[in-house]
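These notes concern the structure reproduced below.
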Amino acid sequence: MNQVFFCNYSVGERVYDKVPEVCTPYGSRVLLIGGERALAAAGDALTAALRGSGLEIVDTVVFGADCTLENIHRWAARAKALSADMIFGMGGGKALDTAKGAAWEAGLPVFTFPTIAATCAAYTALSVVYREDGSFDHFYYYDRPPRHCFIQLEVIANAPAEYLRAGMGDTIGKHFECHFAARGDELAHSSALGREISNLCYQPLAQYGVRALDDCRSHRVSYELEQAVLAVIVSTGLVSLLVLDDYNCAIAHSVYYGLVLLPGFEEDNLHGNVVAYGVLVQLAVDGDLQEATRLKTLLQGLGIRTTLAEMGVPLDRATLAPVLRETVTGPDMEHIPYPVTEEMIYSAMELVETL
């Protein structure tokens with residue numbers, strides 16, 4: 001039996017005013033888990049929206065430095081001790097992933113309040129879990145996503161624009177990787193539906209992305225900003241919920257996981273920006289230089305680095321040896337339409353460097 005659960009969402013200005021209407025059927029006692037900056041940016045607006053509604057935030061906690069199993073266990077226990085009826089997650093990906101994990105372990109519904117549009121974490125049924133030293137540990141999968149996602153555009157418009165830019169880069173990757181990984185397969189309904197939705201991870205950003213980024217820099221809510229945010233959070237989240245995990249990532253993400261092995265690289269390059277570069281490598285591997293050239297123009301308009309040189313990495317086989325090895329052996333390469341070698345990746349990087 002195949003069960004698919006979706007996350008509802010509200011988007012626009014003053015969306016938090018809708019929280020009582022959506023959430024009161026689930027009870028009255030709320031544990032709010034968030035990031036420190038996120039709570040400072042949006043906590044007061046949420047508190048004001050709940051005033052007189054019967055919903056009570058019984059405690060507000062900062063999730064921690066990372067989404068770790070220790071933090072998930074801690075806040076699940078806190079929710080139980082408070083007899084909370086639901087958990088609200090507020091912030092970026094790590095805060096939301098912690099809230100989702102805590103809610104799952106406490107057996108409670110979770111509602112998300114993204115304060116940046118850098119990932120689809122507010123919409124998905126999984127958490128990226130890290131070890132206490134900050135290294136990646138595993139994915140924690142849940143049977144269903146959050147019950148509702150509240151996307152208040154004023155909050156995102158006032159967040160640093162570089163997060164939106166990285167979110168758009170990662171979202172573009174979802175389109176190209178999903179189509180590439182699914183090539184040649186006969187897809188079941190949910191995966192086929194997810195693959196088609198992945199088109200909305202690229203087309204709106206090609207049309208509205210540059211203007212949306214300008215509006216975010218100007219702290220201005222606009223139609224263009226809304227379309228970009230929906231692509232990053234909702235369209236990408238729906239693809240994640242619908243497709244088999246085989247179709248969620250491919251070469252672009254594997255290139256990212258290779259490059260972050262280089263000392264100091266991750267500190268200077270946000271995840272989504274590097275994934276966007278990885279899409280260029282994927283297109284070059286696939287021989288589609290026309291599409292790669294079109295995409296490079298868009299990425300340059302967004303201010304995303306499109307070459308290794310711009311990212312401070314020499315195009316040198318010895319330097320890139322661990323990158324190439326990780327790229328071709330990483331788990332995201334387990335389901336792609338043809339074998340890819342280190343030489344193919346390196347040759348593609350050479351092509352991308354001179355596009």
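To be explicit about the labels: the chains of the structure tokens are called A, B, and onward in the order shown, and within each one the residues are counted from 1, while ligands get numbers from 1 in the order they are shown.
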
Problem set entry | All strand (DSSP E or B) positions in segment 21-242 of chain A, as a PyMOL selection string | chain A and resi 29-34+56-62+68+86-91+110-114+126-130+136-141+148-152

Per residue of segment 134-212 of chain A within 10 Å of segment 60-74 of chain A, what are the shortest atom pair and its distance in Å to one decimal, counting only C-alpha atoms, with rows by chain and residue number, as CSV?
residue,atom,partner,partner_atom,distance
A:Gly134,CA,A:Asp66,CA,6.9
A:Ser135,CA,A:Asp66,CA,9.6
A:Phe136,CA,A:Thr68,CA,9.4
A:Asp137,CA,A:Thr68,CA,8.5
A:His138,CA,A:Thr68,CA,9.8
A:Tyr140,CA,A:Leu69,CA,9.4

Got time to write the residues from that selection, C-alpha atoms, as a PDB file, in the first residue's frame?
ATOM      1  CA  GLY A 134      28.586  19.041  13.370  1.00  0.00           C
ATOM      2  CA  SER A 135      29.184  16.330  10.762  1.00  0.00           C
ATOM      3  CA  PHE A 136      26.306  14.723   8.866  1.00  0.00           C
ATOM      4  CA  ASP A 137      24.868  11.607  10.505  1.00  0.00           C
ATOM      5  CA  HIS A 138      21.703  10.399   8.752  1.00  0.00           C
ATOM      6  CA  TYR A 140      15.364  10.737   9.807  1.00  0.00           C
TER       7      TYR A 140
END

For this session: Would you list the contacts of Lys174 of chain A as a ChimeraX atom specification, taking every protein, DNA or RNA residue within 7 Å and counting only C-alpha atoms, but skipping same-chain residues closer than 3 positions in sequence?
Result: /A:170-171,177-178,198,201,236,248-249

Take the residues from that selection and put them in a file with C-alpha atoms, as a compact mmCIF listing (two decimals), in the first residue's frame.
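Dumped everything to selection-v8.txt:
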# COMPACT_ATOMS: atom_id res chain seq x y z
CA ASP A 170 19.04 24.17 -4.50
CA THR A 171 15.52 24.30 -5.95
CA GLU A 177 18.26 16.03 -10.88
CA CYS A 178 14.75 14.58 -10.73
CA SER A 198 9.75 19.56 -10.42
CA CYS A 201 11.27 24.24 -9.34
CA THR A 236 10.50 21.38 -3.89
CA ASN A 248 15.45 13.28 -5.31
CA CYS A 249 19.14 13.85 -6.11

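When only C-alpha atoms are used to measure the gap to Cys149 of chain A, the shortest distance among A:Gly167, A:Gly278, A:Gly12, A:Gly101 belongs to A:Gly12.
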
For this session: Would you list the contacts of Glu334 of chain A as number ranges by chain, taking every protein, DNA or RNA residue within 10 Å and counting only C-alpha atoms, but skipping same-chain residues closer than 4 positions in sequence?
Result: A: 181, 246, 249-250, 328-330, 339

Keeping only C-alpha atoms, write those residues as a PDB file, in the first residue's frame.
ATOM      1  CA  ALA A 181      17.582  10.342 -12.258  1.00  0.00           C
ATOM      2  CA  ASP A 246      15.965   7.484  -6.044  1.00  0.00           C
ATOM      3  CA  CYS A 249      19.143  13.854  -6.105  1.00  0.00           C
ATOM      4  CA  ALA A 250      21.760  12.996  -8.714  1.00  0.00           C
ATOM      5  CA  VAL A 328      31.095   9.184  -8.322  1.00  0.00           C
ATOM      6  CA  THR A 329      30.750   6.933  -5.244  1.00  0.00           C
ATOM      7  CA  GLY A 330      28.245   8.988  -3.214  1.00  0.00           C
ATOM      8  CA  PRO A 339      27.585   4.970 -15.276  1.00  0.00           C
TER       9      PRO A 339
END

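The coordinates place atom CA of Ala276 of chain A at 17.8 Å from atom CA of Leu262 of chain A.
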
For this session: Taking the DSSP assignment computed from this structure's backbone, write out as number ranges by chain all residues of segment 196-354 of chain A that belong to alpha helix (DSSP H).
Result: A: 196-197, 203-217, 223-230, 236-242, 251-259, 265-268, 271-285, 289-302, 321-329, 342-353
